[in-house]
Amino acid sequence: MKVVALVSGGKDSCYAMMKCIQYGHQIVAVANLLPADDSVDELDSYMYQTVGHQIIVSYAECMGVPLFRRRIQGSTRHLKLSYQRTPGDEVEDMFILLNEVKKQIPSITAVSSGAIASDYQRLRVESVCSRLGLVSLAYLWKQDQSLLLQEMITNEIMAITVKVAAMGLDPAKHLGKEIAFLEPYLHKLKEYVSAVPLLYGINVCGEGGEYETLTLDCPLFQNARIMLDDFQVVLHSSDSIAPVGVLHPLKFHLESKQSNSLSGNNKTNDLCRENISSVFEVQGVNLEECKAPGEPGPEVNDLIEVSSHRLHLFKTEKDNTFSICCWLQDTSGPSTGLQGDLKLILRQIELQLERCGLGWEHVLYIHLYISDMDQFTQANETYVRFITQDKCPFGVPSRSTIELPLIQAGLGSAYIEVLVANDQSKRVLHVQSISCWAPSCIGPYSQATLHKEILHMAGQLGLDPPTMTLCDGGSTAELESALQNSEAIAKCFNCSISTSAILFVVYCSTNIPLDERPKIHSNLGTFAKQLKLSHLDKGTKPEVLDPIFLYILVPDLPKRALVEIKPILYVPETMETPEEISCQLSSIVAPSSFGFQPADWHDSCIQKCVIPGKICAVVLSITSVVAMKICSDSMNADWSNNNHQNSLTESQRKRISRFCIFLLNKTIIENDFSWKDTMSLRLYFPPNLHVPLETLSNLFTDGFKELDQMNGGTKVGGKPIFNLVPVLGAGISAACTNDIITCELFSRKS
């Protein structure tokens, strides 16, 4: 991509440009924001570093690219973390600047910035990029600061300190010093933090405002380096503990790196010469509103009428956190195509949310199921008409997108399930910038959403974050990369997939060779064990959950990926020890129902992860062998060989459905949960069972009604509380996804 780089003059923005080039991008312009008054060194700004701005004018000549500059007119007006368009805010100056750059150089598609740890700055750059239809590149984001500083020095970035503002840094001693000279001292300060945490706190890259730098030379400066001839130290605060001082440049010159330099001689700059021709000052105000692609609202008026027998919408009965699923059935009539079906479904869910007094901002997670991954782009275009950042001020929902055999199951081209909370306490991680940290989410879906101690992570592919391409090496390599990406996201919530995972749902494409499938589960386990060992090596001894696994065989995944993983993690608000948890285990025994009696072999069907008094996750796997045991008096031997061509009889279907309800009921009751705690219940089934979805729906609906009656009015729910999801296969191993039916239940105490 062709990139305009936001530069403050500091080491971070310069190294970010070098990383852009490393990953195949081209820097075609640089952009800088400076104070309205040249004599002012520093503004009271959370966004912009301006100390040393008098020298930035030379970057155009040093690099040989045009420099666009704008004097900052606004101030900090929008104080919330997530930015929304605010007239008079200093962020609007960046918008005006980059908008002009885009007009002058239409081929620009991306913006580089040097953000390392500041969500405040990153979110504002991403907001501006989104409005302009540009991609944000932040290759330093979430990188280890000690390693970054060493990399900058190794890669010949010669930067000096132009501001110090931290205990242990003295303006008289440390201003004007090169970072290579200061590095050992900065690490000593950092080490001192560990010993005396109450006295010192320092980020070695200065991310906490401890110091700021000005780059005088680096490999990007192909034409000349900057030589600082004279400066003065301006003391802003003479505090005896943490004095604050800045370096004010008085005189500098450019020293040519080429024998045939632009001028033929070194140039002296007294800070009063006119701007060179490749420097453009951007003026004006933000008069026009630039809409990002796909931002207009839904075209509600052109929605096609759909008969009620085609449209199906179910909602779980839990009051504070519940699921809504919607799909279209009976495709024998006129087809509206994927976009038409998706528009209808999204609108119906939107109406259901409105009936509950809620909106898209209350949605935690979205499962987007489509019939053809080749139409992913069209599906996304429709999706972004409904779910926008403006509608979700607390953060857009996390999402997974999967191709399913919807048409084969007699459904329409789209199927959506949303998880909804009736409060706004969610915490969302949404990084749109491309970085080395984890895959970006460019658009209205987030990497993860934390709500009431449950972390819902977006489906993770085996992408290489800085290039956003699938890694080479097949399904096992993709799996490892997807797990690494998941771990990077988990760290942002101070947890780990190796210790905090409740459930791993692993979507496996049919494109995975058969001989690779057995390796997937073992590799997942190996990766988790290695992570656990790394925690022990660091001296931490975290509480470790025993997660459960569900493997879903699907026709295709985004980007033609072979594997996509969806972890759900437990992130406690207060840490509990294993001893505290174990003493809370329930001793309740569930009553028998539907004529089934407890048997030892029942345990082989069930995986569960229970956090007593809080969470109960269950995966129930009905294999052919289990079905034979359930229906031992009426099944033939073909079923033990996974021969599903012989359709189940009506009585067998009924008995299997009742067994599922019996065993799920037994599990949740014996762990002191109830059906009213259910957040979601998915029933996965393969179309090759030749059991119509409507038949399955009726079987389970009737089964839950019978359970209500048997429980003497202990209400399960008057309406269906489950979602039926057609898949090519499901099971507890990637090597064996031949379940007749698989149940995935997730319950949480209010």
# chains A, B, ... in the order shown; residues from 1 in each chain; ligands from 1
>>> closest_atom_pairs(of="stretch 127-209 of chain A", to="stretch 87-91 of chain A", cutoff="12 Å", atoms="only C-alpha atoms", output="JSON lines")
{"residue": "A:Ser127", "atom": "CA", "partner": "A:Val91", "partner_atom": "CA", "distance": 9.2}
{"residue": "A:Val128", "atom": "CA", "partner": "A:Val91", "partner_atom": "CA", "distance": 7.9}
{"residue": "A:Cys129", "atom": "CA", "partner": "A:Val91", "partner_atom": "CA", "distance": 11.3}
>>> write_last_selection(atoms="N, CA and C atoms", output="mmCIF file, in the first residue's frame")
data_model
loop_
_atom_site.group_PDB
_atom_site.id
_atom_site.type_symbol
_atom_site.label_atom_id
_atom_site.label_comp_id
_atom_site.auth_asym_id
_atom_site.auth_seq_id
_atom_site.Cartn_x
_atom_site.Cartn_y
_atom_site.Cartn_z
ATOM 1 N N SER A 127 -10.251 6.308 14.063
ATOM 2 C CA SER A 127 -11.503 6.994 13.757
ATOM 3 C C SER A 127 -11.365 7.852 12.508
ATOM 4 N N VAL A 128 -10.280 8.604 12.434
ATOM 5 C CA VAL A 128 -10.044 9.455 11.259
ATOM 6 C C VAL A 128 -9.862 8.597 10.007
ATOM 7 N N CYS A 129 -9.093 7.518 10.138
ATOM 8 C CA CYS A 129 -8.874 6.623 8.991
ATOM 9 C C CYS A 129 -10.194 6.026 8.508
#
>>> closest_atom_pairs(of="stretch 334-435 of chain A", to="stretch 447-454 of chain A", cutoff="7 Å", atoms="only C-alpha atoms", output="JSON lines")
{"residue": "A:Leu364", "atom": "CA", "partner": "A:Thr449", "partner_atom": "CA", "distance": 6.3}
{"residue": "A:Pro397", "atom": "CA", "partner": "A:Thr449", "partner_atom": "CA", "distance": 7.0}
{"residue": "A:Ser398", "atom": "CA", "partner": "A:Ala448", "partner_atom": "CA", "distance": 5.6}
{"residue": "A:Ser425", "atom": "CA", "partner": "A:His451", "partner_atom": "CA", "distance": 6.6}
{"residue": "A:Lys426", "atom": "CA", "partner": "A:His451", "partner_atom": "CA", "distance": 4.6}
{"residue": "A:Arg427", "atom": "CA", "partner": "A:Leu450", "partner_atom": "CA", "distance": 5.0}
{"residue": "A:Val428", "atom": "CA", "partner": "A:Thr449", "partner_atom": "CA", "distance": 4.5}
{"residue": "A:Leu429", "atom": "CA", "partner": "A:Ala448", "partner_atom": "CA", "distance": 5.3}
{"residue": "A:His430", "atom": "CA", "partner": "A:Gln447", "partner_atom": "CA", "distance": 5.6}
>>> residues_around(residues="A:Ala379", least_positions_apart="5", cutoff="12 Å", atoms="only C-alpha atoms", output="short mmCIF file (atom, residue, chain, number, x, y, z; two decimals) with all heavy atoms, in the first residue's frame")
data_model
loop_
_atom_site.label_atom_id
_atom_site.label_comp_id
_atom_site.auth_asym_id
_atom_site.auth_seq_id
_atom_site.Cartn_x
_atom_site.Cartn_y
_atom_site.Cartn_z
N GLY A 294 -19.73 2.16 3.13
CA GLY A 294 -20.62 1.24 3.84
C GLY A 294 -21.25 1.81 5.09
O GLY A 294 -21.82 1.09 5.88
N GLY A 337 -31.62 -13.79 -2.59
CA GLY A 337 -30.17 -13.85 -2.58
C GLY A 337 -29.61 -13.60 -1.19
O GLY A 337 -30.33 -13.29 -0.24
N LEU A 338 -28.29 -13.73 -1.07
CA LEU A 338 -27.65 -13.57 0.24
C LEU A 338 -27.89 -12.19 0.82
O LEU A 338 -28.27 -12.05 1.99
CB LEU A 338 -26.14 -13.86 0.12
CG LEU A 338 -25.32 -13.63 1.39
CD1 LEU A 338 -25.83 -14.50 2.53
CD2 LEU A 338 -23.85 -13.91 1.14
N GLN A 339 -27.66 -11.15 0.03
CA GLN A 339 -27.83 -9.80 0.56
C GLN A 339 -29.28 -9.53 0.96
O GLN A 339 -29.54 -8.92 2.00
CB GLN A 339 -27.36 -8.76 -0.46
CG GLN A 339 -25.83 -8.69 -0.56
CD GLN A 339 -25.37 -7.54 -1.43
OE1 GLN A 339 -25.68 -7.48 -2.62
NE2 GLN A 339 -24.62 -6.62 -0.86
N GLY A 340 -30.21 -10.00 0.15
CA GLY A 340 -31.62 -9.81 0.49
C GLY A 340 -32.01 -10.54 1.76
O GLY A 340 -32.70 -10.00 2.63
N ASP A 341 -31.58 -11.81 1.87
CA ASP A 341 -31.88 -12.60 3.07
C ASP A 341 -31.26 -11.96 4.31
O ASP A 341 -31.89 -11.87 5.37
CB ASP A 341 -31.36 -14.02 2.92
CG ASP A 341 -32.21 -14.87 1.97
OD1 ASP A 341 -33.20 -14.33 1.44
OD2 ASP A 341 -31.89 -16.04 1.76
N LEU A 342 -30.02 -11.53 4.17
CA LEU A 342 -29.31 -10.96 5.31
C LEU A 342 -29.96 -9.66 5.76
O LEU A 342 -30.09 -9.39 6.97
CB LEU A 342 -27.84 -10.73 4.94
CG LEU A 342 -26.88 -10.35 6.07
CD1 LEU A 342 -26.92 -11.38 7.18
CD2 LEU A 342 -25.46 -10.21 5.53
N LYS A 343 -30.40 -8.87 4.80
CA LYS A 343 -31.07 -7.61 5.14
C LYS A 343 -32.36 -7.87 5.91
O LYS A 343 -32.64 -7.21 6.92
CB LYS A 343 -31.36 -6.83 3.86
CG LYS A 343 -31.84 -5.40 4.10
CD LYS A 343 -32.21 -4.72 2.77
CE LYS A 343 -31.01 -4.57 1.86
NZ LYS A 343 -31.37 -3.83 0.63
N ILE A 345 -33.09 -10.51 7.73
CA ILE A 345 -32.78 -11.08 9.04
C ILE A 345 -32.27 -10.01 10.00
O ILE A 345 -32.69 -9.93 11.16
CB ILE A 345 -31.76 -12.23 8.88
CG1 ILE A 345 -32.44 -13.43 8.21
CG2 ILE A 345 -31.17 -12.63 10.22
CD1 ILE A 345 -31.48 -14.49 7.76
N LEU A 346 -31.34 -9.17 9.53
CA LEU A 346 -30.81 -8.12 10.38
C LEU A 346 -31.91 -7.16 10.82
O LEU A 346 -31.94 -6.71 11.97
CB LEU A 346 -29.70 -7.36 9.65
CG LEU A 346 -28.36 -8.09 9.53
CD1 LEU A 346 -27.48 -7.42 8.49
CD2 LEU A 346 -27.64 -8.14 10.88
N LEU A 368 -22.32 -14.93 12.36
CA LEU A 368 -22.82 -14.67 11.02
C LEU A 368 -22.58 -15.93 10.18
O LEU A 368 -21.44 -16.26 9.85
CB LEU A 368 -22.10 -13.47 10.40
CG LEU A 368 -22.40 -13.14 8.94
CD1 LEU A 368 -23.89 -12.89 8.72
CD2 LEU A 368 -21.58 -11.95 8.47
N TYR A 369 -23.64 -16.64 9.88
CA TYR A 369 -23.56 -17.85 9.08
C TYR A 369 -24.07 -17.53 7.67
O TYR A 369 -25.17 -16.99 7.51
CB TYR A 369 -24.42 -18.97 9.68
CG TYR A 369 -24.09 -19.34 11.11
CD1 TYR A 369 -25.09 -19.42 12.07
CD2 TYR A 369 -22.78 -19.61 11.50
CE1 TYR A 369 -24.80 -19.78 13.39
CE2 TYR A 369 -22.49 -19.96 12.80
CZ TYR A 369 -23.49 -20.04 13.75
OH TYR A 369 -23.20 -20.39 15.05
N ILE A 370 -23.30 -17.87 6.65
CA ILE A 370 -23.71 -17.62 5.28
C ILE A 370 -23.56 -18.89 4.46
O ILE A 370 -22.81 -19.80 4.82
CB ILE A 370 -22.91 -16.46 4.64
CG1 ILE A 370 -21.40 -16.76 4.65
CG2 ILE A 370 -23.19 -15.15 5.36
CD1 ILE A 370 -20.55 -15.68 3.98
N SER A 371 -24.27 -18.94 3.34
CA SER A 371 -24.29 -20.16 2.53
C SER A 371 -23.14 -20.26 1.56
O SER A 371 -22.85 -21.33 1.04
CB SER A 371 -25.62 -20.25 1.76
OG SER A 371 -25.73 -19.15 0.86
N ASP A 372 -22.46 -19.13 1.30
CA ASP A 372 -21.40 -19.13 0.28
C ASP A 372 -20.35 -18.10 0.65
O ASP A 372 -20.60 -16.90 0.62
CB ASP A 372 -21.99 -18.80 -1.10
CG ASP A 372 -20.97 -18.91 -2.22
OD1 ASP A 372 -19.79 -19.20 -1.94
OD2 ASP A 372 -21.36 -18.69 -3.39
N MET A 373 -19.15 -18.57 1.02
CA MET A 373 -18.08 -17.66 1.43
C MET A 373 -17.59 -16.80 0.28
O MET A 373 -16.98 -15.74 0.51
CB MET A 373 -16.93 -18.46 2.05
CG MET A 373 -15.95 -17.62 2.87
SD MET A 373 -16.72 -16.70 4.24
CE MET A 373 -17.14 -18.03 5.38
N ASP A 374 -17.86 -17.19 -0.95
CA ASP A 374 -17.50 -16.35 -2.09
C ASP A 374 -18.26 -15.02 -2.07
O ASP A 374 -17.86 -14.06 -2.73
CB ASP A 374 -17.79 -17.07 -3.41
CG ASP A 374 -16.79 -18.18 -3.69
OD1 ASP A 374 -15.68 -18.13 -3.13
OD2 ASP A 374 -17.13 -19.11 -4.45
N VAL A 384 -22.59 -3.98 7.49
CA VAL A 384 -22.13 -2.68 7.99
C VAL A 384 -23.18 -1.59 7.80
O VAL A 384 -23.01 -0.48 8.31
CB VAL A 384 -20.81 -2.25 7.34
CG1 VAL A 384 -19.73 -3.27 7.61
CG2 VAL A 384 -20.96 -2.04 5.83
N ARG A 385 -24.25 -1.88 7.09
CA ARG A 385 -25.34 -0.91 7.00
C ARG A 385 -26.17 -0.90 8.27
O ARG A 385 -26.85 0.08 8.58
CB ARG A 385 -26.24 -1.23 5.79
CG ARG A 385 -25.59 -0.97 4.45
CD ARG A 385 -26.52 -1.37 3.30
NE ARG A 385 -25.88 -1.13 2.02
CZ ARG A 385 -25.94 0.02 1.36
NH1 ARG A 385 -26.60 1.03 1.88
NH2 ARG A 385 -25.34 0.16 0.20
N PHE A 386 -26.12 -1.98 9.03
CA PHE A 386 -26.90 -2.08 10.26
C PHE A 386 -26.05 -1.86 11.50
O PHE A 386 -26.45 -1.15 12.41
CB PHE A 386 -27.57 -3.46 10.33
CG PHE A 386 -28.74 -3.63 9.41
CD1 PHE A 386 -28.53 -3.96 8.08
CD2 PHE A 386 -30.03 -3.44 9.85
CE1 PHE A 386 -29.60 -4.11 7.21
CE2 PHE A 386 -31.11 -3.59 9.00
CZ PHE A 386 -30.90 -3.93 7.66
N THR A 401 -17.56 -15.44 11.42
CA THR A 401 -18.27 -15.63 10.16
C THR A 401 -17.90 -17.00 9.60
O THR A 401 -16.72 -17.31 9.42
CB THR A 401 -17.89 -14.55 9.14
OG1 THR A 401 -18.14 -13.26 9.71
CG2 THR A 401 -18.71 -14.70 7.86
N ILE A 402 -18.92 -17.82 9.35
CA ILE A 402 -18.72 -19.21 8.95
C ILE A 402 -19.64 -19.54 7.78
O ILE A 402 -20.79 -19.09 7.74
CB ILE A 402 -19.04 -20.17 10.12
CG1 ILE A 402 -18.30 -19.75 11.41
CG2 ILE A 402 -18.71 -21.62 9.76
CD1 ILE A 402 -16.81 -19.87 11.35
N GLU A 403 -19.14 -20.33 6.83
CA GLU A 403 -20.03 -20.87 5.80
C GLU A 403 -20.62 -22.17 6.32
O GLU A 403 -19.91 -23.05 6.82
CB GLU A 403 -19.28 -21.13 4.50
CG GLU A 403 -20.19 -21.72 3.41
CD GLU A 403 -19.48 -22.02 2.10
OE1 GLU A 403 -18.58 -21.24 1.71
OE2 GLU A 403 -19.79 -23.06 1.48
N SER A 413 -30.15 -18.08 2.58
CA SER A 413 -28.71 -17.90 2.35
C SER A 413 -27.98 -17.33 3.55
O SER A 413 -26.75 -17.21 3.52
CB SER A 413 -28.48 -17.00 1.13
OG SER A 413 -29.04 -17.59 -0.03
N ALA A 414 -28.70 -16.93 4.59
CA ALA A 414 -28.06 -16.32 5.75
C ALA A 414 -28.78 -16.75 7.03
O ALA A 414 -29.97 -17.06 7.02
CB ALA A 414 -28.06 -14.80 5.62
N TYR A 415 -28.02 -16.75 8.12
CA TYR A 415 -28.53 -17.17 9.43
C TYR A 415 -27.69 -16.40 10.44
O TYR A 415 -26.47 -16.39 10.37
CB TYR A 415 -28.32 -18.67 9.57
CG TYR A 415 -28.76 -19.37 10.85
CD1 TYR A 415 -29.37 -20.62 10.79
CD2 TYR A 415 -28.54 -18.84 12.11
CE1 TYR A 415 -29.75 -21.30 11.93
CE2 TYR A 415 -28.91 -19.50 13.26
CZ TYR A 415 -29.52 -20.73 13.17
OH TYR A 415 -29.89 -21.40 14.31
N ILE A 416 -28.36 -15.74 11.37
CA ILE A 416 -27.63 -14.92 12.34
C ILE A 416 -28.08 -15.26 13.76
O ILE A 416 -29.26 -15.47 14.03
CB ILE A 416 -27.84 -13.41 12.08
CG1 ILE A 416 -27.02 -12.98 10.86
CG2 ILE A 416 -27.44 -12.57 13.28
CD1 ILE A 416 -27.04 -11.51 10.59
N PRO A 558 -13.54 -17.73 6.14
CA PRO A 558 -13.02 -16.52 5.51
C PRO A 558 -11.58 -16.70 5.06
O PRO A 558 -10.78 -17.39 5.70
CB PRO A 558 -13.12 -15.48 6.64
CG PRO A 558 -14.24 -15.97 7.50
CD PRO A 558 -14.13 -17.47 7.48
#
>>> residues_around(residues="A:Ile21", least_positions_apart="2", cutoff="12 Å", atoms="only C-alpha atoms", output="PyMOL selection string")
chain A and resi 1-5+14-19+23-28+112+137+139+219-220+466-467
>>> atom_distance(atom1="atom CA of A:Leu696", atom2="atom CA of A:Ile349")
22.7 Å
>>> atom_distance(atom1="atom CA of A:Pro612", atom2="atom CA of A:Ile669")
11.9 Å
>>> residues_around(residues="A:Asn203", least_positions_apart="5", cutoff="8 Å", atoms="only C-alpha atoms", output="PyMOL selection string")
chain A and resi 145+190+208+210
